[in-house]
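Text of upload_39.csv (CSV, C-alpha atoms) as supplied:
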```csv
chain,number,residue,atom,x,y,z
A,149,MET,CA,164.1,110.2,56.1
A,150,LYS,CA,161.0,110.2,58.3
A,151,ASN,CA,157.7,111.1,56.7
A,152,VAL,CA,155.8,113.5,58.9
A,153,GLN,CA,152.1,114.1,58.3
A,154,ARG,CA,150.6,117.4,59.3
A,155,LYS,CA,147.0,118.4,59.9
A,156,GLU,CA,145.6,121.5,58.3
A,157,PHE,CA,143.5,123.9,60.4
A,158,TYR,CA,141.9,126.9,58.7
A,159,LEU,CA,142.1,129.8,61.1
A,160,PHE,CA,142.3,133.3,59.7
A,161,SER,CA,139.6,134.8,57.4
A,162,PRO,CA,140.5,137.1,54.5
A,163,PHE,CA,139.3,140.0,56.7
A,164,LEU,CA,142.0,139.4,59.2
A,165,ARG,CA,144.8,138.6,56.7
A,166,ILE,CA,144.2,141.5,54.3
A,167,PHE,CA,143.7,144.1,57.0
A,168,HIS,CA,146.5,142.7,59.1
A,169,TRP,CA,149.0,143.7,56.4
A,170,ILE,CA,147.3,147.0,55.8
A,171,MET,CA,147.5,147.8,59.5
A,172,VAL,CA,151.2,146.7,59.6
A,173,THR,CA,151.9,149.1,56.8
A,174,MET,CA,150.0,151.9,58.4
A,175,ILE,CA,151.7,151.4,61.8
A,176,LEU,CA,155.1,151.9,60.1
A,177,VAL,CA,153.8,155.0,58.3
A,178,LEU,CA,152.2,156.4,61.5
A,179,PHE,CA,155.3,155.7,63.6
A,180,GLY,CA,157.7,157.3,61.1
A,181,THR,CA,155.6,160.4,60.5
A,182,GLY,CA,154.8,160.6,64.2
A,183,ILE,CA,158.5,160.8,65.1
A,184,ILE,CA,158.9,163.6,62.6
A,185,ILE,CA,155.9,165.5,64.0
A,186,ALA,CA,157.2,165.0,67.6
A,187,THR,CA,160.6,166.5,66.6
A,188,PRO,CA,159.7,169.3,64.1
A,189,LEU,CA,162.9,171.3,64.8
A,190,GLN,CA,165.1,168.4,63.7
A,191,SER,CA,163.0,168.0,60.6
A,192,MET,CA,163.3,171.7,59.8
A,193,ASN,CA,167.1,171.5,60.1
A,194,LEU,CA,167.1,168.9,57.3
A,195,GLU,CA,165.2,171.1,54.9
A,196,PRO,CA,165.1,174.7,56.2
A,197,ALA,CA,163.9,176.3,52.9
A,198,TYR,CA,160.8,174.1,52.8
A,199,SER,CA,160.3,173.2,56.5
A,200,THR,CA,156.7,174.5,56.9
A,201,THR,CA,155.4,172.7,53.8
A,202,TYR,CA,157.4,169.6,54.7
A,203,VAL,CA,156.0,169.3,58.2
A,204,ASP,CA,152.4,170.0,56.9
A,205,LEU,CA,152.8,167.2,54.3
A,206,VAL,CA,154.1,164.8,57.0
A,207,ARG,CA,151.1,165.6,59.2
A,208,ASP,CA,148.7,165.1,56.3
A,209,ILE,CA,150.2,161.7,55.6
A,210,HIS,CA,150.0,160.8,59.3
A,211,PHE,CA,146.3,161.8,59.4
A,212,VAL,CA,145.4,159.8,56.2
A,213,ALA,CA,147.3,156.8,57.5
A,214,ALA,CA,145.4,157.1,60.8
A,215,PHE,CA,142.0,157.0,59.1
A,216,VAL,CA,143.0,154.0,57.0
A,217,PHE,CA,144.3,152.2,60.1
A,218,VAL,CA,141.0,152.8,62.0
A,219,ALA,CA,139.0,151.6,59.0
A,220,SER,CA,141.1,148.5,58.7
A,221,PHE,CA,140.8,147.8,62.4
A,222,VAL,CA,137.0,148.1,62.2
A,223,LEU,CA,136.8,145.7,59.3
A,224,ARG,CA,139.2,143.3,61.1
A,225,ILE,CA,136.7,143.3,64.0
A,226,TYR,CA,134.1,142.2,61.5
A,227,GLY,CA,136.4,139.2,60.8
A,228,PHE,CA,136.3,138.5,64.6
A,229,ILE,CA,132.5,138.3,64.4
A,230,ILE,CA,132.2,136.0,61.4
A,231,ASN,CA,135.1,133.6,61.9
A,232,ARG,CA,136.0,131.6,65.0
A,233,GLY,CA,139.7,131.5,64.1
A,234,ASP,CA,139.9,135.3,64.1
A,235,ARG,CA,139.0,135.5,67.8
A,236,LEU,CA,141.4,133.2,69.7
A,237,PHE,CA,141.5,135.4,72.8
A,238,PRO,CA,142.6,134.3,76.3
A,239,ARG,CA,140.2,132.3,78.4
A,240,PHE,CA,140.9,133.7,81.8
A,241,TRP,CA,137.8,132.0,83.3
A,242,LYS,CA,139.2,128.6,82.5
A,243,GLY,CA,141.5,127.1,85.2
A,244,TYR,CA,143.6,125.2,82.6
A,245,PHE,CA,144.5,128.5,80.9
A,246,TYR,CA,147.0,129.4,83.6
A,247,ALA,CA,148.7,126.0,83.7
A,248,GLN,CA,149.1,126.1,79.9
A,249,THR,CA,150.5,129.7,80.1
A,250,LEU,CA,153.1,128.5,82.6
A,251,ASP,CA,154.0,125.6,80.3
A,252,VAL,CA,154.6,127.9,77.4
A,253,ILE,CA,156.7,130.3,79.6
A,254,LYS,CA,158.9,127.4,80.8
A,255,HIS,CA,159.6,126.5,77.2
A,256,TYR,CA,160.5,130.1,76.2
A,257,LEU,CA,162.8,130.3,79.3
A,258,LEU,CA,164.5,127.1,78.1
A,259,VAL,CA,163.4,125.3,81.2
A,260,GLN,CA,161.8,122.6,79.1
A,261,PRO,CA,162.3,121.6,75.5
A,262,ASN,CA,158.8,122.1,74.2
A,263,HIS,CA,155.2,123.0,75.1
A,264,ALA,CA,151.9,121.5,74.1
A,265,SER,CA,150.6,122.3,70.6
A,266,PHE,CA,148.2,125.2,70.2
A,267,LEU,CA,146.5,127.0,67.3
A,268,ARG,CA,147.4,130.1,69.3
A,269,ASN,CA,149.3,129.6,72.6
A,270,PRO,CA,147.9,131.3,75.7
A,271,LEU,CA,150.9,133.6,76.0
A,272,ALA,CA,150.3,134.9,72.5
A,273,ARG,CA,146.6,135.3,73.2
A,274,MET,CA,147.4,137.6,76.1
A,275,SER,CA,149.9,139.6,74.1
A,276,TYR,CA,147.4,140.2,71.3
A,277,LEU,CA,144.8,141.3,73.8
A,278,MET,CA,147.3,143.8,75.2
A,279,LEU,CA,148.0,145.0,71.7
A,280,TYR,CA,144.3,145.7,71.1
A,281,VAL,CA,144.1,147.7,74.3
A,282,LEU,CA,147.1,149.7,73.1
A,283,VAL,CA,145.6,150.3,69.7
A,284,ALA,CA,142.3,151.4,71.3
A,285,VAL,CA,144.2,153.9,73.5
A,286,GLU,CA,146.2,155.2,70.5
A,287,ILE,CA,143.0,155.7,68.5
A,288,VAL,CA,141.1,157.6,71.1
A,289,THR,CA,144.1,159.8,72.1
A,290,GLY,CA,144.8,160.4,68.4
A,291,PHE,CA,141.3,161.5,67.6
A,292,ALA,CA,141.2,163.7,70.7
A,293,MET,CA,144.3,165.5,69.5
A,294,TYR,CA,143.1,165.7,65.9
A,295,TYR,CA,139.9,167.4,66.8
A,296,MET,CA,141.4,169.9,69.3
A,297,THR,CA,141.6,172.4,66.5
A,298,GLN,CA,137.8,172.2,66.1
A,299,PRO,CA,136.6,172.5,69.7
A,300,GLU,CA,133.0,173.3,68.8
A,301,SER,CA,132.6,170.3,66.5
A,302,TYR,CA,130.5,167.2,67.5
A,303,ALA,CA,133.6,165.0,67.1
A,304,ALA,CA,135.7,167.2,69.5
A,305,GLN,CA,133.0,167.1,72.1
A,306,PHE,CA,132.7,163.3,71.7
A,307,PHE,CA,136.4,162.8,72.4
A,308,ALA,CA,136.6,165.5,75.1
A,309,TRP,CA,136.5,162.8,77.8
A,310,VAL,CA,139.9,161.6,76.7
A,311,ASN,CA,141.6,164.8,77.9
A,312,THR,CA,139.7,164.6,81.1
A,313,VAL,CA,140.8,161.0,81.8
A,314,CYS,CA,144.4,161.8,80.9
A,315,GLY,CA,144.4,165.0,82.9
A,316,ASN,CA,145.1,167.6,80.3
A,317,GLU,CA,145.9,168.0,76.6
A,318,ALA,CA,149.7,167.8,77.2
A,319,MET,CA,149.3,164.4,79.0
A,320,THR,CA,147.1,163.2,76.1
A,321,HIS,CA,150.0,163.9,73.7
A,322,LEU,CA,152.4,162.1,76.1
A,323,VAL,CA,150.2,159.0,76.4
A,324,HIS,CA,149.8,158.9,72.6
A,325,HIS,CA,153.6,159.1,72.2
A,326,TYR,CA,154.5,156.4,74.6
A,327,VAL,CA,151.7,154.0,73.6
A,328,ALA,CA,153.1,154.3,70.0
A,329,TRP,CA,156.5,153.1,71.3
A,330,GLY,CA,154.7,150.3,73.1
A,331,ILE,CA,153.1,149.1,69.8
A,332,ILE,CA,156.4,149.2,68.1
A,333,LEU,CA,158.1,147.2,70.8
A,334,PHE,CA,155.2,144.7,70.6
A,335,ALA,CA,155.8,144.5,66.8
A,336,ILE,CA,159.5,143.8,67.2
A,337,GLY,CA,158.8,141.0,69.8
A,338,HIS,CA,155.9,139.7,67.6
A,339,LEU,CA,158.2,139.5,64.5
A,340,TYR,CA,160.8,137.5,66.5
A,341,MET,CA,158.3,135.1,68.0
A,342,VAL,CA,156.5,134.3,64.7
A,343,ILE,CA,159.8,133.7,62.9
A,344,ARG,CA,160.9,131.6,65.8
A,345,SER,CA,157.7,129.5,65.7
A,346,GLU,CA,157.9,129.2,62.0
A,347,PHE,CA,161.4,127.8,61.7
A,348,MET,CA,162.1,126.3,65.2
A,349,GLU,CA,158.8,124.8,66.0
A,350,GLY,CA,157.2,124.4,62.6
A,351,GLU,CA,153.9,126.1,63.6
A,352,SER,CA,153.2,127.8,60.2
A,353,GLU,CA,153.0,131.2,62.0
A,354,VAL,CA,154.3,133.3,59.1
A,355,SER,CA,152.7,131.3,56.2
A,356,SER,CA,149.3,131.3,58.0
A,357,MET,CA,149.0,135.0,57.6
A,358,PHE,CA,149.1,134.5,53.8
A,359,SER,CA,147.2,131.2,53.4
A,360,GLY,CA,144.9,131.4,56.4
A,361,SER,CA,145.8,127.9,57.5
A,362,LYS,CA,148.2,126.3,60.0
A,363,PHE,CA,149.8,122.9,59.4
A,364,LEU,CA,150.6,121.2,62.6
A,365,ILE,CA,152.2,117.9,63.4
A,366,HIS,CA,150.5,117.5,66.8
A,367,TYR,CA,146.8,117.9,67.5
A,368,PRO,CA,146.4,121.4,69.1
A,369,GLN,CA,144.7,121.5,72.5
A,370,ASP,CA,142.6,124.5,71.5
A,371,ALA,CA,141.3,123.0,68.2
A,372,SER,CA,137.7,122.8,69.6
A,373,GLU,CA,137.6,126.6,69.7
A,374,VAL,CA,137.7,126.7,65.9
A,375,ASP,CA,135.7,123.5,65.3
A,376,PRO,CA,133.5,122.5,68.3
A,377,SER,CA,133.0,119.0,66.8
A,378,ALA,CA,136.7,118.5,66.4
A,379,GLU,CA,138.1,115.3,68.0
A,380,ARG,CA,141.6,114.2,68.7
A,381,SER,CA,142.8,111.9,66.0
```

What would the structure in this file look like if it were written as structure tokens?
Amino acid sequence: MKNVQRKEFYLFSPFLRIFHWIMVTMILVLFGTGIIIATPLQSMNLEPAYSTTYVDLVRDIHFVAAFVFVASFVLRIYGFIINRGDRLFPRFWKGYFYAQTLDVIKHYLLVQPNHASFLRNPLARMSYLMLYVLVAVEIVTGFAMYYMTQPESYAAQFFAWVNTVCGNEAMTHLVHHYVAWGIILFAIGHLYMVIRSEFMEGESEVSSMFSGSKFLIHYPQDASEVDPSAERS
């Protein structure tokens, strides 16, 4: 049996790990309650005698989950500020970034057996950036709809630009709905990729979101982004 030594790289702060799991839970709650809110007639058919109370309760749960989600997202941003490993974003301005991305794509398309080792590969970096854009759109459209019932409030006026950008209130609802599906599709793909990396490539993707550390066989090409003094060994 071959003895394989792995190097430990501490990446993710408690802020990212704790609020990652809170946000995962809230996304599931928000999506489930959002589907019910979007199809109230179907939910009424399930429980006609208590339909009004039922839908109101679902909306309340949706709103509470939304505020918890936003608070978690803000605190996760604090993790980005204090810890290098929390902010492994794509480096579009670096020429090698595109060559590395192509290398990873070839591996996923089964054109080549493996790709270079990374703490976070460039394709994953771009997908996370896309997720944060979707989350931002979902937050602003959600608050724009939430404060429509209070048109004279400061918050409603603050988010009024959202309806202007979308075109009208109906389009804001539509954008919110389809972006929610985009986040769920990302979550499905994300779950597949981290499990694949954990068991097929041994990159400690799943376990790192509990421990904060990755244990890698090969020295990652992006190690200097976490520790500028890091040297290949």

As a VMD selection string, please: the residues near Val281 (chain A) (cut-off 10 Å, all atoms listed in the file, same-chain neighbours under 6 positions excluded). chain A and resid 275 287 327

Pick from A:Val354, A:Met293, A:Leu164, A:Ile175 nearest to Arg224 (chain A), counting all atoms listed in the file: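 With all atoms listed in the file as the atom set, the closest residue is A:Leu164.
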
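Taking CA of Tyr158 (chain A) as the reference point, CA of Phe221 (chain A) is found at 21.3 Å.
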
Between CA of Leu176 (chain A) and CA of Ile332 (chain A), distance in Å (one decimal):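 Between CA of Leu176 (chain A) and CA of Ile332 (chain A) the gap works out to 8.5 Å.
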
Contact residues around region 232-245 of chain A with only C-alpha atoms at 6 Å, ignoring same-chain residues under 5 positions, as a list of chain:residue names: A:Leu159, A:Phe160, A:Arg273, A:Met274, A:Val374

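With distances restricted to only C-alpha atoms, A:Leu267 is the closest residue to Glu373 (chain A) from A:Ala186, A:Thr173, A:Phe163, A:Leu267.
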
Could you list, as an MDAnalysis selection string, every residue within 12 Å of Phe266 (chain A), counting only C-alpha atoms and ignoring same-chain residues fewer than 2 positions away? chainID A and resid 157 159 236 245 248:249 251:252 262:264 268:273 345 349:353 362:374

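Here CA of Val206 (chain A) and CA of Val177 (chain A) stand 9.9 Å from one another.
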
Got a sec: who's within 10 Å of Phe167 (chain A), counting all atoms listed in the file, leaving out chain neighbours fewer than 3 positions off, as a list in words? Pro162, Phe163, Leu164, Ile170, Met171, Val172, Thr173, Val216, Phe217, Ala219, Ser220, Phe221, Val222, Leu223, Arg224, Ile225 and Gly227 of chain A

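By chain and then residue number, the residues within 10 Å of region 314-321 of chain A are Ala186, Glu286, Val288, Thr289, Gly290, Ala292, Met293, Met296, Ala308, Trp309, Val310, Asn311, His324, His325 and Tyr326 of chain A, counting all atoms listed in the file and disregarding those fewer than 3 positions away in sequence.
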
Nearby residues, (147.1, 171.6, 60.4) file frame, 12 Å, only C-alpha atoms, as a PyMOL selection string: chain A and resi 185+200-211+293-298
